[in-house]
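Engineer: This one is work-v3.pdb, PDB, C-alpha atoms and all ligand atoms.
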```pdb
ATOM      1  CA  THR N 168     -12.903   2.119  15.173
ATOM      2  CA  ALA N 169     -10.033   2.861  12.815
ATOM      3  CA  ALA N 170      -6.924   0.703  13.111
ATOM      4  CA  ALA N 171      -5.120   3.229  10.947
ATOM      5  CA  ARG N 172      -5.867   6.503   9.235
ATOM      6  CA  LEU N 173      -4.263   8.777   6.670
ATOM      7  CA  GLU N 174      -5.323  12.406   7.052
ATOM      8  CA  HIS N 175      -4.581  14.660   4.059
ATOM      9  CA  VAL N 176      -1.321  12.835   3.389
ATOM     10  CA  SER N 177       0.957  13.944   0.578
ATOM     11  CA  LYS N 178       4.317  12.444  -0.276
ATOM     12  CA  VAL N 179       6.482  14.364  -2.707
ATOM     13  CA  TYR N 180       9.684  13.070  -4.301
ATOM     14  CA  GLY N 181      12.172  15.347  -6.020
ATOM     15  CA  SER N 182      11.734  19.063  -6.713
ATOM     16  CA  GLY N 183      11.306  21.461  -9.620
ATOM     17  CA  ASP N 184      10.876  19.660 -12.944
ATOM     18  CA  THR N 185      11.275  16.201 -11.385
ATOM     19  CA  LYS N 186       8.729  16.761  -8.610
ATOM     20  CA  VAL N 187       6.380  13.785  -8.211
ATOM     21  CA  PHE N 188       3.327  13.603  -5.940
ATOM     22  CA  ALA N 189       3.530   9.879  -5.081
ATOM     23  CA  LEU N 190       0.530  10.557  -2.791
ATOM     24  CA  ASP N 191      -1.579  13.672  -3.312
ATOM     25  CA  ASP N 192      -3.775  14.695  -0.355
ATOM     26  CA  VAL N 193      -4.960  11.176   0.506
ATOM     27  CA  SER N 194      -7.375  10.642   3.394
ATOM     28  CA  VAL N 195      -8.575   7.147   4.268
ATOM     29  CA  GLU N 196      -9.621   5.158   7.329
ATOM     30  CA  LEU N 197      -8.847   1.479   7.739
ATOM     31  CA  GLU N 198     -11.270  -0.251  10.051
ATOM     32  CA  ALA N 199      -9.992  -2.787  12.563
ATOM     33  CA  GLY N 200     -10.694  -6.429  11.772
ATOM     34  CA  ARG N 201     -10.817  -5.999   8.008
ATOM     35  CA  PHE N 202      -8.739  -7.210   5.079
ATOM     36  CA  THR N 203      -7.996  -4.307   2.719
ATOM     37  CA  ALA N 204      -6.342  -4.713  -0.681
ATOM     38  CA  VAL N 205      -4.646  -1.784  -2.422
ATOM     39  CA  MET N 206      -4.527  -2.005  -6.223
ATOM     40  CA  GLY N 207      -3.487   0.291  -9.052
ATOM     41  CA  PRO N 208      -1.097   0.558 -11.982
ATOM     42  CA  SER N 209       2.665   0.592 -11.519
ATOM     43  CA  GLY N 210       3.762   4.002 -10.208
ATOM     44  CA  SER N 211       0.295   4.867  -8.828
ATOM     45  CA  GLY N 212       1.590   5.129  -5.241
ATOM     46  CA  LYS N 213       0.752   1.719  -3.724
ATOM     47  CA  SER N 214       4.175   1.119  -2.166
ATOM     48  CA  THR N 215       4.336   4.719  -0.993
ATOM     49  CA  LEU N 216       0.934   4.383   0.683
ATOM     50  CA  LEU N 217       2.010   1.199   2.455
ATOM     51  CA  HIS N 218       5.361   2.721   3.474
ATOM     52  CA  CYS N 219       3.773   5.930   4.823
ATOM     53  CA  LEU N 220       1.042   4.026   6.665
ATOM     54  CA  SER N 221       3.588   1.736   8.315
ATOM     55  CA  GLY N 222       6.065   4.463   9.278
ATOM     56  CA  LEU N 223       8.763   3.202   6.908
ATOM     57  CA  ASP N 224       8.680   6.522   5.016
ATOM     58  CA  SER N 225       7.999   9.996   6.388
ATOM     59  CA  VAL N 226       5.215  12.056   4.793
ATOM     60  CA  THR N 227       5.616  15.476   3.188
ATOM     61  CA  ALA N 228       2.298  16.729   4.596
ATOM     62  CA  GLY N 229      -0.594  15.403   6.652
ATOM     63  CA  HIS N 230      -0.926  12.932   9.514
ATOM     64  CA  VAL N 231      -0.694   9.155   9.845
ATOM     65  CA  TRP N 232      -2.530   7.517  12.706
ATOM     66  CA  ILE N 233      -1.980   3.987  14.014
ATOM     67  CA  GLY N 234      -4.765   3.717  16.579
ATOM     68  CA  ASP N 235      -4.431   6.933  18.582
ATOM     69  CA  ALA N 236      -0.724   7.472  17.816
ATOM     70  CA  ASP N 237       0.214  10.086  15.210
ATOM     71  CA  LEU N 238       3.338   8.653  13.550
ATOM     72  CA  THR N 239       4.335  12.082  12.241
ATOM     73  CA  LYS N 240       4.776  13.257  15.861
ATOM     74  CA  LEU N 241       6.928  10.355  17.087
ATOM     75  CA  ASN N 242      10.709  10.497  17.360
ATOM     76  CA  ASP N 243      12.759   7.692  15.775
ATOM     77  CA  ASN N 244      12.974   5.620  18.959
ATOM     78  CA  ARG N 245       9.256   5.693  19.596
ATOM     79  CA  LEU N 246       8.477   5.005  15.956
ATOM     80  CA  THR N 247      10.824   1.989  15.938
ATOM     81  CA  LYS N 248       9.210   0.680  19.101
ATOM     82  CA  LEU N 249       5.682   1.160  17.750
ATOM     83  CA  ARG N 250       6.570  -0.592  14.491
ATOM     84  CA  ARG N 251       8.152  -3.479  16.405
ATOM     85  CA  ASP N 252       5.375  -3.911  18.970
ATOM     86  CA  ARG N 253       2.254  -3.102  16.969
ATOM     87  CA  LEU N 254       2.921  -3.779  13.269
ATOM     88  CA  GLY N 255       3.716  -6.938  11.305
ATOM     89  CA  PHE N 256       5.266  -7.083   7.834
ATOM     90  CA  ILE N 257       5.096  -9.632   5.020
ATOM     91  CA  PHE N 258       7.109  -9.093   1.815
ATOM     92  CA  GLN N 259       7.267 -10.547  -1.661
ATOM     93  CA  SER N 260      10.590 -12.199  -0.791
ATOM     94  CA  PHE N 261      10.268 -14.302   2.322
ATOM     95  CA  ASN N 262      13.418 -12.918   4.059
ATOM     96  CA  LEU N 263      13.945 -15.987   6.264
ATOM     97  CA  VAL N 264      17.254 -16.723   7.974
ATOM     98  CA  PRO N 265      18.537 -19.872   6.194
ATOM     99  CA  THR N 266      20.425 -21.289   9.190
ATOM    100  CA  LEU N 267      17.423 -21.150  11.531
ATOM    101  CA  THR N 268      14.496 -23.572  11.753
ATOM    102  CA  ALA N 269      10.954 -22.520  10.896
ATOM    103  CA  LEU N 270      10.103 -22.092  14.583
ATOM    104  CA  GLU N 271      13.282 -20.093  15.243
ATOM    105  CA  ASN N 272      12.491 -17.838  12.283
ATOM    106  CA  ILE N 273       8.957 -17.300  13.585
ATOM    107  CA  THR N 274      10.117 -16.255  17.051
ATOM    108  CA  LEU N 275      13.286 -14.372  15.973
ATOM    109  CA  PRO N 276      11.891 -10.799  16.003
ATOM    110  CA  MET N 277      10.535 -11.279  19.514
ATOM    111  CA  ALA N 278      13.795 -12.901  20.657
ATOM    112  CA  ILE N 279      15.709  -9.871  19.331
ATOM    113  CA  ALA N 280      13.371  -7.607  21.279
ATOM    114  CA  GLY N 281      14.029  -9.700  24.402
ATOM    115  CA  ARG N 282      10.460 -10.954  24.579
ATOM    116  CA  ARG N 283       8.783 -14.328  24.549
ATOM    117  CA  PRO N 284       5.676 -15.126  22.533
ATOM    118  CA  ASP N 285       2.506 -15.877  24.438
ATOM    119  CA  PRO N 286       2.454 -19.708  24.216
ATOM    120  CA  GLU N 287      -1.295 -19.956  23.593
ATOM    121  CA  TRP N 288      -1.178 -17.373  20.810
ATOM    122  CA  LEU N 289       1.915 -19.013  19.259
ATOM    123  CA  ASP N 290      -0.013 -22.297  19.216
ATOM    124  CA  ARG N 291      -2.976 -20.719  17.423
ATOM    125  CA  VAL N 292      -0.680 -19.023  14.912
ATOM    126  CA  ILE N 293       1.120 -22.303  14.137
ATOM    127  CA  ASP N 294      -2.228 -24.060  13.657
ATOM    128  CA  THR N 295      -3.527 -21.262  11.436
ATOM    129  CA  VAL N 296      -0.468 -21.411   9.163
ATOM    130  CA  GLY N 297      -0.617 -25.224   9.247
ATOM    131  CA  LEU N 298       3.091 -25.735   9.890
ATOM    132  CA  ARG N 299       3.074 -27.904  12.993
ATOM    133  CA  GLN N 300       4.835 -30.792  11.193
ATOM    134  CA  ARG N 301       7.493 -28.482   9.714
ATOM    135  CA  LEU N 302       8.666 -26.443  12.718
ATOM    136  CA  GLY N 303      12.118 -28.076  12.811
ATOM    137  CA  HIS N 304      12.770 -27.632   9.073
ATOM    138  CA  ARG N 305      15.130 -25.022   7.673
ATOM    139  CA  PRO N 306      13.918 -22.739   4.847
ATOM    140  CA  ALA N 307      15.756 -24.759   2.141
ATOM    141  CA  GLN N 308      13.719 -27.828   3.159
ATOM    142  CA  LEU N 309      10.420 -25.979   2.646
ATOM    143  CA  SER N 310       8.488 -25.084  -0.517
ATOM    144  CA  GLY N 311       8.028 -21.420  -1.454
ATOM    145  CA  GLY N 312       4.487 -21.466  -0.119
ATOM    146  CA  GLN N 313       5.607 -23.015   3.161
ATOM    147  CA  GLN N 314       8.393 -20.437   3.474
ATOM    148  CA  GLN N 315       5.887 -17.645   2.999
ATOM    149  CA  ARG N 316       3.676 -19.239   5.667
ATOM    150  CA  VAL N 317       6.653 -19.114   8.062
ATOM    151  CA  ALA N 318       7.049 -15.425   7.166
ATOM    152  CA  CYS N 319       3.324 -14.892   7.838
ATOM    153  CA  ALA N 320       3.590 -16.581  11.237
ATOM    154  CA  ARG N 321       6.616 -14.389  12.012
ATOM    155  CA  ALA N 322       4.560 -11.279  11.185
ATOM    156  CA  LEU N 323       1.767 -12.486  13.491
ATOM    157  CA  VAL N 324       3.646 -13.788  16.486
ATOM    158  CA  ALA N 325       3.780 -10.532  18.464
ATOM    159  CA  ARG N 326       0.005 -10.202  17.927
ATOM    160  CA  PRO N 327       0.277  -6.913  16.022
ATOM    161  CA  ASP N 328      -2.560  -4.408  15.619
ATOM    162  CA  LEU N 329      -1.966  -4.337  11.863
ATOM    163  CA  ILE N 330      -0.268  -6.524   9.283
ATOM    164  CA  PHE N 331       1.161  -4.994   6.103
ATOM    165  CA  ALA N 332       1.689  -7.313   3.150
ATOM    166  CA  ASP N 333       3.507  -6.024   0.050
ATOM    167  CA  GLU N 334       2.788  -8.313  -2.936
ATOM    168  CA  PRO N 335       2.811 -11.390  -0.650
ATOM    169  CA  THR N 336       2.002 -13.764  -3.526
ATOM    170  CA  GLY N 337       4.436 -12.175  -6.025
ATOM    171  CA  ASN N 338       6.958 -15.034  -5.809
ATOM    172  CA  LEU N 339       4.460 -17.901  -5.549
ATOM    173  CA  ASP N 340       2.634 -20.063  -8.074
ATOM    174  CA  SER N 341      -1.137 -19.658  -8.072
ATOM    175  CA  ARG N 342      -1.817 -22.632  -5.803
ATOM    176  CA  ALA N 343       0.679 -21.549  -3.129
ATOM    177  CA  GLY N 344      -0.519 -17.965  -3.566
ATOM    178  CA  ALA N 345      -4.123 -19.009  -2.928
ATOM    179  CA  GLU N 346      -3.013 -20.759   0.284
ATOM    180  CA  ILE N 347      -1.375 -17.576   1.556
ATOM    181  CA  LEU N 348      -4.442 -15.496   0.671
ATOM    182  CA  ARG N 349      -6.768 -17.919   2.441
ATOM    183  CA  PHE N 350      -4.408 -17.731   5.394
ATOM    184  CA  LEU N 351      -4.481 -13.905   5.447
ATOM    185  CA  ARG N 352      -8.266 -14.047   5.260
ATOM    186  CA  ASP N 353      -8.333 -16.497   8.204
ATOM    187  CA  CYS N 354      -6.073 -14.135  10.159
ATOM    188  CA  VAL N 355      -8.704 -11.446   9.772
ATOM    189  CA  HIS N 356     -11.845 -13.515  10.259
ATOM    190  CA  ASP N 357     -10.648 -16.105  12.821
ATOM    191  CA  LEU N 358      -7.884 -14.277  14.687
ATOM    192  CA  GLY N 359      -9.392 -10.762  14.454
ATOM    193  CA  GLN N 360      -6.320  -9.252  12.779
ATOM    194  CA  THR N 361      -6.303  -6.222  10.469
ATOM    195  CA  VAL N 362      -4.479  -6.741   7.173
ATOM    196  CA  VAL N 363      -3.484  -4.252   4.457
ATOM    197  CA  MET N 364      -2.151  -5.859   1.272
ATOM    198  CA  VAL N 365      -0.707  -4.276  -1.869
ATOM    199  CA  THR N 366      -1.215  -6.431  -4.952
ATOM    200  CA  HIS N 367      -1.233  -6.301  -8.747
ATOM    201  CA  ASP N 368      -3.361  -9.420  -8.892
ATOM    202  CA  PRO N 369      -7.173  -9.097  -9.129
ATOM    203  CA  ALA N 370      -7.518 -12.721  -7.995
ATOM    204  CA  ALA N 371      -5.588 -11.826  -4.833
ATOM    205  CA  ALA N 372      -7.713  -8.738  -4.200
ATOM    206  CA  GLY N 373     -10.781 -10.993  -4.476
ATOM    207  CA  TYR N 374      -9.906 -12.472  -1.063
ATOM    208  CA  SER N 375     -10.133  -9.081   0.655
ATOM    209  CA  ASP N 376     -13.089  -7.298   2.324
ATOM    210  CA  GLN N 377     -12.471  -4.067   0.468
ATOM    211  CA  VAL N 378     -10.268  -2.809  -2.351
ATOM    212  CA  LEU N 379      -8.798   0.686  -2.617
ATOM    213  CA  PHE N 380      -7.846   1.642  -6.176
ATOM    214  CA  LEU N 381      -4.994   4.110  -6.599
ATOM    215  CA  ALA N 382      -4.104   6.191  -9.659
ATOM    216  CA  ASP N 383      -1.562   9.032  -9.799
ATOM    217  CA  GLY N 384      -1.338   9.323  -6.031
ATOM    218  CA  HIS N 385      -5.114   9.473  -5.461
ATOM    219  CA  ILE N 386      -7.626   6.918  -4.205
ATOM    220  CA  VAL N 387      -9.931   6.896  -7.208
ATOM    221  CA  ASP N 388     -12.295   4.078  -6.226
ATOM    222  CA  ARG N 389     -13.245   1.866  -3.327
ATOM    223  CA  MET N 390     -15.007  -1.490  -3.598
ATOM    224  CA  ALA N 391     -16.638  -3.376  -0.712
ATOM    225  CA  ASP N 392     -16.912  -7.191  -0.676
ATOM    226  CA  PRO N 393     -15.008  -7.741  -3.900
ATOM    227  CA  SER N 394     -14.855 -11.013  -5.753
ATOM    228  CA  ALA N 395     -12.100 -11.713  -8.259
ATOM    229  CA  ASP N 396     -14.378 -11.323 -11.292
ATOM    230  CA  LYS N 397     -15.717  -7.989  -9.995
ATOM    231  CA  VAL N 398     -12.177  -6.654  -9.463
ATOM    232  CA  LEU N 399     -11.246  -7.675 -13.025
TER     233      LEU N 399
HETATM  234  P1  LIG L 401       3.582   1.675  -7.016
HETATM  235  O1  LIG L 401       3.932   0.965  -5.758
HETATM  236  O2  LIG L 401       2.113   1.831  -7.247
HETATM  237  O3  LIG L 401       4.277   1.083  -8.222
HETATM  238  P2  LIG L 401       5.214   3.800  -5.934
HETATM  239  O4  LIG L 401       4.593   4.151  -4.646
HETATM  240  O5  LIG L 401       6.438   2.916  -5.910
HETATM  241  O6  LIG L 401       4.107   3.187  -6.900
HETATM  242  O7  LIG L 401       5.616   5.132  -6.696
HETATM  243  C1  LIG L 401       4.728   6.239  -6.871
HETATM  244  C2  LIG L 401       5.469   7.344  -7.608
HETATM  245  O8  LIG L 401       6.504   7.867  -6.796
HETATM  246  C3  LIG L 401       6.149   6.873  -8.894
HETATM  247  O9  LIG L 401       6.095   7.919  -9.815
HETATM  248  C4  LIG L 401       7.579   6.589  -8.424
HETATM  249  O10 LIG L 401       8.492   6.712  -9.503
HETATM  250  C5  LIG L 401       7.771   7.680  -7.404
HETATM  251  N1  LIG L 401       8.747   7.273  -6.356
HETATM  252  C6  LIG L 401       8.578   6.280  -5.450
HETATM  253  N2  LIG L 401       9.632   6.191  -4.632
HETATM  254  C7  LIG L 401      10.501   7.168  -5.036
HETATM  255  C8  LIG L 401      11.776   7.594  -4.578
HETATM  256  N3  LIG L 401      12.385   7.016  -3.539
HETATM  257  N4  LIG L 401      12.366   8.625  -5.233
HETATM  258  C9  LIG L 401      11.750   9.230  -6.269
HETATM  259  N5  LIG L 401      10.538   8.881  -6.757
HETATM  260  C10 LIG L 401       9.914   7.868  -6.132
HETATM  261  P1  LIG L 402       7.518  -2.635  -5.538
HETATM  262  O1  LIG L 402       6.440  -2.170  -6.487
HETATM  263  O2  LIG L 402       7.916  -4.079  -5.721
HETATM  264  O3  LIG L 402       7.272  -2.279  -4.110
HETATM  265  P2  LIG L 402       8.969  -0.394  -6.524
HETATM  266  O4  LIG L 402       9.677  -0.489  -7.833
HETATM  267  O5  LIG L 402       7.682   0.337  -6.452
HETATM  268  O6  LIG L 402       8.854  -1.858  -5.942
HETATM  269  O7  LIG L 402       9.914   0.321  -5.484
HETATM  270  C1  LIG L 402      11.058  -0.304  -4.914
HETATM  271  C2  LIG L 402      11.790   0.747  -4.076
HETATM  272  O8  LIG L 402      12.316   1.745  -4.949
HETATM  273  C3  LIG L 402      10.870   1.460  -3.106
HETATM  274  O9  LIG L 402      11.519   1.621  -1.872
HETATM  275  C4  LIG L 402      10.582   2.810  -3.752
HETATM  276  O10 LIG L 402      10.446   3.830  -2.774
HETATM  277  C5  LIG L 402      11.840   3.037  -4.577
HETATM  278  N1  LIG L 402      11.526   3.763  -5.845
HETATM  279  C6  LIG L 402      10.466   3.578  -6.649
HETATM  280  N2  LIG L 402      10.488   4.441  -7.673
HETATM  281  C7  LIG L 402      11.616   5.177  -7.530
HETATM  282  C8  LIG L 402      12.226   6.246  -8.262
HETATM  283  N3  LIG L 402      11.663   6.765  -9.366
HETATM  284  N4  LIG L 402      13.382   6.744  -7.823
HETATM  285  C9  LIG L 402      13.951   6.255  -6.721
HETATM  286  N5  LIG L 402      13.431   5.257  -5.961
HETATM  287  C10 LIG L 402      12.280   4.724  -6.369
END
```
Represent the structure from my file as structure tokens, please.
Ligand code: ADP
Ligand code: ADP
Structural biologist:
Amino acid sequence: TAAARLEHVSKVYGSGDTKVFALDDVSVELEAGRFTAVMGPSGSGKSTLLHCLSGLDSVTAGHVWIGDADLTKLNDNRLTKLRRDRLGFIFQSFNLVPTLTALENITLPMAIAGRRPDPEWLDRVIDTVGLRQRLGHRPAQLSGGQQQRVACARALVARPDLIFADEPTGNLDSRAGAEILRFLRDCVHDLGQTVVMVTHDPAAAGYSDQVLFLADGHIVDRMADPSADKVL
């Protein structure tokens, strides 16, 4: 079954001479329980694809499905609720609250929504990110890699249907980056999550189950079971 689907999606910026098709009639299905990497040159539409798929941007034409919900048919309230309850986000910058501990940062989005994490799931998430000894630390007391692991746990804590990661290793050295990628892979294979990651880095894409290659707003290639040397 598809966790998410783009159906003839176009996204146009500007008009007249400055008109740009950031996405040009893109259709793709993302299977549940898989780790998909999206690669392509700068300006090829990677961020736009991620933003349209996650309801951050509206589309110019076509339909965006998260499970059986068509995002293009939802009003703002319902879209906000769906994004909060069913989607998780990881960014290049960790976006942690400096005055809160690691554990408080992890549970903050649920606290804001007036919900409590399922204790058993929270336990599994903390074990998967390997932060049990650091839960009381504030971001400044953690390395970049550890901060990104807190951000990953925060994205996971509501047990989302899909996790979107935009250049998650962009601010990390290669060792810390590899840790995060192994973690995302474990999320998919051990916790059954679905992850979509945009990256410039072929080594990062090598951790995924499939790579979508974008160029000029089109998906121009698709590779199953990539390894870093194949992606290069
Ligand atoms: P990538 O993430 O692959 O670098 P983007 O999705 O950011 O590519 O951009 C795809 C195309 O759409 C580029 O030509 C970019 O300049 C254009 N674009 C993206 N966002 C906007 C925007 N808000 N306004 C105008 N053009 C945009
Ligand atoms: P990244 O690749 O790190 O995601 P981008 O440079 O692609 O960053 O885009 C950063 C933000 O700027 C995005 O929200 C994108 O929509 C917007 N953007 C990108 N290109 C343009 C553009 N030509 N004009 C206006 N906004 C743009």
Engineer: Which residues are near ligand LIG 402 (chain L) - at most 7 Å, using all atoms listed in the file? Format: as a PyMOL selection string.
Structural biologist: chain N and resi 209-210+214-215+333
Engineer: Within 7 Å of (7.3, 14.9, 1.9) (file coordinates; all atoms listed in the file), which protein or nucleic acid residues are there? I'd like them as a compact mmCIF listing (two decimals) with C-alpha atoms, keeping the file's coordinate frame.
Structural biologist:
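Output file point.txt follows:
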```txt
# COMPACT_ATOMS: atom_id res chain seq x y z
CA SER N 177 0.96 13.94 0.58
CA LYS N 178 4.32 12.44 -0.28
CA VAL N 179 6.48 14.36 -2.71
CA TYR N 180 9.68 13.07 -4.30
CA SER N 225 8.00 10.00 6.39
CA VAL N 226 5.22 12.06 4.79
CA THR N 227 5.62 15.48 3.19
CA ALA N 228 2.30 16.73 4.60
```
Engineer: Using only C-alpha atoms and all ligand atoms, which residues of the polymer chains come no farther than 12 Å from ligand LIG 401 (chain L)? I'd like the answer as a ChimeraX atom specification.
Structural biologist: /N:177-182,185-191,205-220,223-226,333-334,364-367,379-386
Engineer: For His356 (chain N), which residue out of N:Ala170, N:Ala320, N:Ala325, N:Ala199 is the nearest one, using all atoms listed in the file?
Structural biologist: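 The shortest atom-to-atom distance to His356 (chain N) comes from N:Ala199.
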Engineer: Nearest to Arg251 (chain N) among N:Gly234, N:Pro284, N:Gly297, N:Pro327, with distances taken over all atoms listed in the file: which residue is it?
Structural biologist: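 With all atoms listed in the file as the atom set, the closest residue is N:Pro327.
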Engineer: Figure out the distance between CA of Leu348 (chain N) and CA of Gly373 (chain N), please, to one decimal in Å.
Structural biologist: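 Distance reported for this atom pair: 9.3 Å.
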Engineer: Taking the file as I've supplied it (selection: the PyMOL selection byres (((chain N and resi 276) around 9) and not hetatm)), which residues are included? Please answer as a short mmCIF file (atom, residue, chain, number, x, y, z; two decimals) with C-alpha atoms, keeping the file's coordinate frame.
Structural biologist:
```cif
data_model
loop_
_atom_site.label_atom_id
_atom_site.label_comp_id
_atom_site.auth_asym_id
_atom_site.auth_seq_id
_atom_site.Cartn_x
_atom_site.Cartn_y
_atom_site.Cartn_z
CA ARG N 251 8.15 -3.48 16.40
CA ASN N 272 12.49 -17.84 12.28
CA ILE N 273 8.96 -17.30 13.58
CA THR N 274 10.12 -16.26 17.05
CA LEU N 275 13.29 -14.37 15.97
CA MET N 277 10.54 -11.28 19.51
CA ALA N 278 13.80 -12.90 20.66
CA ILE N 279 15.71 -9.87 19.33
CA ALA N 280 13.37 -7.61 21.28
CA GLY N 281 14.03 -9.70 24.40
CA ARG N 282 10.46 -10.95 24.58
CA ARG N 321 6.62 -14.39 12.01
CA ALA N 322 4.56 -11.28 11.18
CA VAL N 324 3.65 -13.79 16.49
CA ALA N 325 3.78 -10.53 18.46
#
```
